[in-house]
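Just my_file.cif here, mmCIF, C-alpha atoms:
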```
data_protein
loop_
_atom_site.label_atom_id
_atom_site.label_comp_id
_atom_site.auth_asym_id
_atom_site.auth_seq_id
_atom_site.Cartn_x
_atom_site.Cartn_y
_atom_site.Cartn_z
CA MET A 252 161.75 178.64 93.71
CA ALA A 253 158.38 178.70 95.53
CA ALA A 254 156.53 177.90 92.30
CA GLU A 255 158.92 175.03 91.58
CA LEU A 256 158.48 173.66 95.11
CA ARG A 257 154.69 173.89 94.79
CA SER A 258 154.74 172.13 91.42
CA LYS A 259 156.91 169.28 92.70
CA TYR A 260 154.92 168.89 95.91
CA ARG A 261 151.59 169.02 94.08
CA SER A 262 152.69 166.11 91.89
CA ILE A 263 153.58 164.16 95.04
CA VAL A 264 150.23 164.94 96.67
CA GLU A 265 148.47 163.91 93.46
CA GLU A 266 150.43 160.65 93.44
CA MET A 267 149.34 159.92 97.01
CA PHE A 268 145.70 160.96 96.42
CA ASN A 269 145.50 158.64 93.39
CA ARG A 270 146.37 155.79 95.76
CA TRP A 271 143.86 156.83 98.46
CA THR A 272 141.14 154.20 98.27
CA ALA A 273 138.76 155.96 100.67
CA LEU A 274 138.65 159.08 98.50
CA ARG A 275 138.17 157.08 95.32
CA LEU A 276 135.33 155.04 96.85
CA ALA A 277 133.66 158.23 98.09
CA VAL A 278 133.82 159.68 94.56
CA GLU A 279 132.68 156.47 92.85
CA HIS A 280 129.77 156.05 95.26
CA GLY A 281 128.58 159.60 94.67
CA MET A 282 129.14 160.60 98.28
CA HIS A 283 130.00 164.22 97.50
CA VAL A 284 127.35 166.50 98.92
CA GLU A 285 126.99 168.43 95.66
CA ASN A 286 127.40 165.40 93.35
CA ASN A 287 130.63 166.51 91.69
CA GLY A 288 133.05 164.34 93.62
CA LEU A 289 135.80 164.24 91.02
CA GLN A 290 136.01 168.02 90.73
CA ALA A 291 135.98 168.26 94.52
CA ALA A 292 138.84 165.72 94.72
CA ILE A 293 140.91 167.91 92.38
CA GLU A 294 140.14 170.99 94.46
CA ILE A 295 140.98 169.12 97.68
CA LEU A 296 144.29 168.02 96.16
CA ASP A 297 145.16 171.67 95.41
CA TYR A 298 143.93 172.80 98.83
CA MET A 299 146.01 170.20 100.69
CA THR A 300 149.07 171.08 98.61
CA ASP A 301 148.77 174.74 99.63
CA TYR A 302 147.74 173.85 103.20
CA CYS A 303 150.90 171.83 103.76
CA LEU A 304 153.19 174.31 102.03
CA ASN A 305 151.82 177.26 104.01
CA MET A 306 152.09 175.68 107.46
CA LYS A 307 154.97 177.16 109.45
CA LYS A 308 155.41 173.92 111.40
CA LEU A 309 153.85 171.02 109.54
CA GLU A 310 152.58 168.30 111.87
CA SER A 311 151.00 165.07 110.67
CA ASP A 312 148.23 165.42 113.29
CA ASP A 313 147.18 168.75 111.76
CA VAL A 314 147.22 167.28 108.25
CA GLN A 315 145.20 164.27 109.41
CA GLU A 316 142.66 166.53 111.09
CA ALA A 317 142.31 168.58 107.90
CA LEU A 318 141.85 165.41 105.80
CA ASP A 319 139.27 164.00 108.24
CA GLN A 320 137.36 167.27 108.25
CA ILE A 321 137.39 167.49 104.45
CA MET A 322 136.15 163.91 104.02
CA ASP A 323 133.39 164.52 106.55
CA GLN A 324 132.26 167.88 105.15
CA GLU A 325 132.71 167.23 101.43
CA TYR A 326 131.84 163.53 101.18
CA ASP A 327 129.85 162.90 104.36
CA THR A 328 132.43 160.17 105.04
CA ILE A 329 134.43 159.24 108.10
CA CYS A 330 137.55 157.20 107.41
CA ASP A 331 137.82 154.60 110.16
CA ASP A 332 140.46 152.74 108.14
CA ASN A 333 143.32 154.95 109.41
CA SER A 334 143.99 156.06 105.83
CA THR A 335 143.97 159.76 106.71
CA ARG A 336 146.66 159.07 109.32
CA GLU A 337 148.80 157.14 106.85
CA LEU A 338 148.32 159.75 104.13
CA SER A 339 149.18 162.60 106.50
CA LEU A 340 152.44 160.88 107.46
CA TYR A 341 153.42 160.53 103.79
CA LEU A 342 152.52 164.14 102.98
CA VAL A 343 154.64 165.47 105.84
CA LYS A 344 157.52 163.09 105.12
CA TYR A 345 157.68 163.92 101.42
CA LEU A 346 157.45 167.67 101.96
CA THR A 347 160.28 167.49 104.49
CA MET A 348 162.36 165.44 102.07
CA LEU A 349 161.56 167.83 99.22
CA ARG A 350 162.63 170.84 101.28
CA ASP A 351 165.85 168.98 102.15
CA GLY A 352 166.62 168.48 98.46
CA LYS A 353 166.00 164.73 98.48
CA ASP A 354 164.01 164.74 95.24
CA GLN A 355 165.60 161.56 93.88
CA GLU A 356 164.89 159.65 97.10
CA ILE A 357 161.22 160.61 96.84
CA ILE A 358 161.10 159.49 93.22
CA ASN A 359 162.74 156.18 94.15
CA GLU A 360 160.24 155.57 96.98
CA ILE A 361 157.22 156.43 94.85
CA ASN A 362 158.50 154.25 92.00
CA GLN A 363 158.65 151.30 94.42
CA LEU A 364 154.93 151.64 95.18
CA PRO A 365 152.54 149.47 93.17
CA ALA A 366 151.34 151.07 89.96
CA CYS A 367 148.03 152.88 90.21
CA GLU A 368 145.51 154.46 87.88
CA LYS A 369 145.79 158.24 87.62
CA TRP A 370 142.08 158.89 88.15
CA ILE A 371 142.23 162.39 89.65
CA ASN A 372 142.05 164.56 86.57
CA PRO A 373 139.22 166.49 84.90
CA LYS A 374 139.00 164.05 81.95
CA ALA A 375 138.89 160.86 84.04
CA LYS A 376 136.07 158.41 83.46
CA ILE A 377 134.67 157.46 86.84
CA ASN A 378 132.72 154.22 87.21
CA TYR A 379 130.01 155.27 89.59
CA VAL A 380 128.61 152.54 91.82
CA THR A 381 124.99 152.50 92.86
CA ALA A 382 123.80 150.78 95.99
CA PRO A 383 121.35 147.93 95.46
CA GLU A 384 117.72 148.48 96.42
CA SER A 385 117.02 147.66 100.02
CA ASP A 386 114.61 144.88 100.90
CA SER A 387 114.44 146.10 104.48
CA SER A 388 110.96 145.61 105.89
CA ASP A 389 110.98 148.77 107.99
CA GLY A 390 111.41 150.99 104.94
CA GLU A 391 114.76 152.40 106.02
CA ASP A 392 117.52 152.42 103.42
CA MET A 393 120.50 150.16 103.82
CA GLU A 394 123.87 151.53 102.77
CA THR A 395 126.45 149.43 100.93
CA GLU A 396 130.15 150.13 100.99
CA VAL A 397 132.74 148.27 98.93
CA VAL A 398 136.02 147.93 100.78
CA PRO A 399 139.27 146.22 99.83
CA SER A 400 140.24 143.18 101.85
CA THR A 401 143.71 141.99 102.71
CA SER A 402 143.44 139.14 100.20
CA GLY A 403 143.20 141.58 97.30
CA SER A 404 139.51 140.92 96.61
CA THR A 405 136.77 143.36 97.46
CA THR A 406 134.16 142.94 100.12
CA ALA A 407 130.68 144.43 100.01
CA VAL A 408 129.60 145.64 103.39
CA GLN A 409 125.92 146.29 103.97
CA ILE A 410 125.20 148.63 106.80
CA GLU A 411 121.72 148.17 108.19
CA PRO A 412 120.29 150.62 110.74
CA LEU A 413 119.26 148.75 113.88
CA GLU A 414 117.87 151.07 116.45
CA GLU A 415 117.91 154.70 117.42
CA VAL A 416 119.87 155.01 120.64
CA ASP A 417 119.87 158.74 121.24
CA PRO A 418 118.26 161.41 119.07
CA GLY A 419 120.41 161.66 115.95
CA TRP A 420 122.44 158.51 116.64
CA THR A 421 121.85 155.07 115.18
CA VAL A 422 123.58 151.77 116.00
CA VAL A 423 124.48 149.80 112.88
CA LYS A 424 125.54 146.24 112.18
CA THR A 425 127.32 145.02 109.09
CA LYS A 426 126.78 142.05 106.81
CA ARG A 427 129.81 141.10 104.72
CA LYS A 428 129.62 139.40 101.35
CA ASN A 429 132.77 138.48 99.41
CA LYS A 430 132.77 139.22 95.72
#
```
Give the structure from the file, written as structure tokens.
Amino acid sequence: MAAELRSKYRSIVEEMFNRWTALRLAVEHGMHVENNGLQAAIEILDYMTDYCLNMKKLESDDVQEALDQIMDQEYDTICDDNSTRELSLYLVKYLTMLRDGKDQEIINEINQLPACEKWINPKAKINYVTAPESDSSDGEDMETEVVPSTSGSTTAVQIEPLEEVDPGWTVVKTKRKNK
């Protein structure tokens, strides 16, 4: 039974991770600290599956904290878009439903979600994005992040370092360009 529960829950976690834009952008932009972001995403998927299943009392705050920590440590990325919160709520909800035998309800809910590409697998072709060269006069690099907008288009956000406020901290401003 435990193996069956793990298999079912892993497929749910995979379904949710395939829809997680922040993770996909981190992989596509080569943000993984060891440059194998896709493999890390697969390992994180398995880790989070086991993490949730092994928790005696699963709380969404704990799941969110784990996701935030993973994104920070593995991809040097902080998700300010509240996606780790949303994802943690789904992971807890679906595990609770699964343990209550509500498999069909989960399937119905997931089938109502918009279709998505199943990109988290070892054979996936990832379109890696490279940041444009900076024309910054002070020689510091400018980071570019592509984020989805509410209109369905994507927005390129250039993050330009402004000033060092405190040792190790930098204030940044953004310049948005619609694509």
* Asked: What does the distance between atom CA of Ser339 of chain A and atom CA of Val314 of chain A come to in Å, to one decimal place?
  ->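 Interatomic distance, atom CA of Ser339 of chain A to atom CA of Val314 of chain A: 5.4 Å.
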* Asked: When you draw a straight line from atom CA of Ile293 of chain A to atom CA of Glu360 of chain A, how long is it in Å?
  -> 23.4 Å
* Asked: Between A:Thr335, A:Asn378, A:Thr300, A:Gln324, which has the minimum distance to Asp312 of chain A (counting all atoms listed in the file)?
  ->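 Closest to Asp312 of chain A, using all atoms listed in the file: A:Thr335.
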* **Separation of atom CA of Cys367 of chain A from atom CA of Leu304 of chain A, in Å and rounded to one decimal** =>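 These two atoms are separated by 25.0 Å.
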Determine, for each residue of segment 259-339 of chain A having at least one atom at most 12 Å from an atom of segment 355-358 of chain A, the closest pair of atoms and their separation in Å to one decimal, counting all atoms listed in the file; order by chain and ascending number, as a tab-separated table.
```
residue	atom	partner	partner_atom	distance
A:Lys259	CA	A:Ile357	CA	10.5
A:Tyr260	CA	A:Ile357	CA	10.4
A:Ser262	CA	A:Ile358	CA	10.8
A:Ile263	CA	A:Ile357	CA	8.6
A:Val264	CA	A:Ile357	CA	11.8
A:Glu266	CA	A:Ile358	CA	10.7
A:Met267	CA	A:Ile357	CA	11.9
```
* To do: To verify the selection step, state as a PyMOL selection string which residues the PyMOL selection byres ((chain A and resi 320-323) around 10) yields on this input.
  => chain A and resi 273-274+277+282-284+292+295+299+314-319+324-330+335
N, CA and C atoms modelled onto segment 311-345 of chain A, as a compact mmCIF listing (two decimals), in the coordinates of the input:
```txt
# COMPACT_ATOMS: atom_id res chain seq x y z
N SER A 311 151.88 166.06 111.29
CA SER A 311 151.00 165.07 110.67
C SER A 311 149.62 165.07 111.32
N ASP A 312 149.53 165.37 112.62
CA ASP A 312 148.23 165.42 113.29
C ASP A 312 147.34 166.51 112.69
N ASP A 313 147.94 167.66 112.36
CA ASP A 313 147.18 168.75 111.76
C ASP A 313 146.70 168.37 110.36
N VAL A 314 147.58 167.72 109.60
CA VAL A 314 147.22 167.28 108.25
C VAL A 314 146.11 166.24 108.32
N GLN A 315 146.24 165.29 109.24
CA GLN A 315 145.20 164.27 109.41
C GLN A 315 143.86 164.91 109.77
N GLU A 316 143.89 165.85 110.68
CA GLU A 316 142.66 166.53 111.09
C GLU A 316 142.02 167.24 109.90
N ALA A 317 142.84 167.89 109.08
CA ALA A 317 142.31 168.58 107.90
C ALA A 317 141.70 167.57 106.92
N LEU A 318 142.37 166.45 106.70
CA LEU A 318 141.85 165.41 105.80
C LEU A 318 140.55 164.82 106.33
N ASP A 319 140.50 164.54 107.63
CA ASP A 319 139.27 164.00 108.24
C ASP A 319 138.12 164.98 108.09
N GLN A 320 138.40 166.24 108.34
CA GLN A 320 137.36 167.27 108.25
C GLN A 320 136.86 167.41 106.80
N ILE A 321 137.77 167.38 105.85
CA ILE A 321 137.39 167.49 104.45
C ILE A 321 136.52 166.31 104.03
N MET A 322 136.93 165.09 104.39
CA MET A 322 136.15 163.91 104.02
C MET A 322 134.75 163.96 104.64
N ASP A 323 134.68 164.43 105.88
CA ASP A 323 133.39 164.52 106.55
C ASP A 323 132.51 165.59 105.91
N GLN A 324 133.06 166.78 105.69
CA GLN A 324 132.26 167.88 105.15
C GLN A 324 131.93 167.72 103.67
N GLU A 325 132.90 167.30 102.88
CA GLU A 325 132.71 167.23 101.43
C GLU A 325 132.04 165.94 100.97
N TYR A 326 132.33 164.82 101.64
CA TYR A 326 131.84 163.53 101.18
C TYR A 326 130.95 162.83 102.21
N ASP A 327 130.67 163.50 103.31
CA ASP A 327 129.85 162.90 104.36
C ASP A 327 130.40 161.51 104.72
N THR A 328 131.73 161.44 104.83
CA THR A 328 132.43 160.17 105.04
C THR A 328 133.43 160.30 106.17
N ILE A 329 133.44 159.32 107.04
CA ILE A 329 134.43 159.24 108.10
C ILE A 329 135.31 158.04 107.81
N CYS A 330 136.60 158.26 107.75
CA CYS A 330 137.55 157.20 107.41
C CYS A 330 138.03 156.51 108.67
N ASP A 331 137.42 155.39 108.99
CA ASP A 331 137.82 154.60 110.16
C ASP A 331 138.95 153.64 109.82
N ASP A 332 139.44 153.68 108.59
CA ASP A 332 140.46 152.74 108.14
C ASP A 332 141.89 153.23 108.40
N ASN A 333 142.02 154.36 109.09
CA ASN A 333 143.32 154.95 109.41
C ASN A 333 144.05 155.49 108.17
N SER A 334 143.34 155.60 107.05
CA SER A 334 143.99 156.06 105.83
C SER A 334 144.37 157.54 105.90
N THR A 335 143.59 158.35 106.61
CA THR A 335 143.97 159.76 106.71
C THR A 335 145.25 159.91 107.54
N ARG A 336 145.43 159.05 108.51
CA ARG A 336 146.66 159.07 109.32
C ARG A 336 147.86 158.70 108.45
N GLU A 337 147.72 157.60 107.72
CA GLU A 337 148.80 157.14 106.85
C GLU A 337 149.14 158.18 105.79
N LEU A 338 148.11 158.74 105.17
CA LEU A 338 148.32 159.75 104.13
C LEU A 338 149.00 160.98 104.71
N SER A 339 148.57 161.41 105.89
CA SER A 339 149.18 162.60 106.50
C SER A 339 150.67 162.38 106.78
N LEU A 340 151.03 161.18 107.21
CA LEU A 340 152.44 160.88 107.46
C LEU A 340 153.27 160.97 106.18
N TYR A 341 152.72 160.44 105.08
CA TYR A 341 153.42 160.53 103.79
C TYR A 341 153.55 161.97 103.32
N LEU A 342 152.48 162.75 103.46
CA LEU A 342 152.52 164.14 102.98
C LEU A 342 153.57 164.95 103.74
N VAL A 343 153.65 164.76 105.04
CA VAL A 343 154.64 165.47 105.84
C VAL A 343 156.05 164.98 105.51
N LYS A 344 156.20 163.67 105.42
CA LYS A 344 157.52 163.09 105.12
C LYS A 344 158.05 163.58 103.78
N TYR A 345 157.21 163.54 102.75
CA TYR A 345 157.68 163.92 101.42
C TYR A 345 157.93 165.41 101.30
```
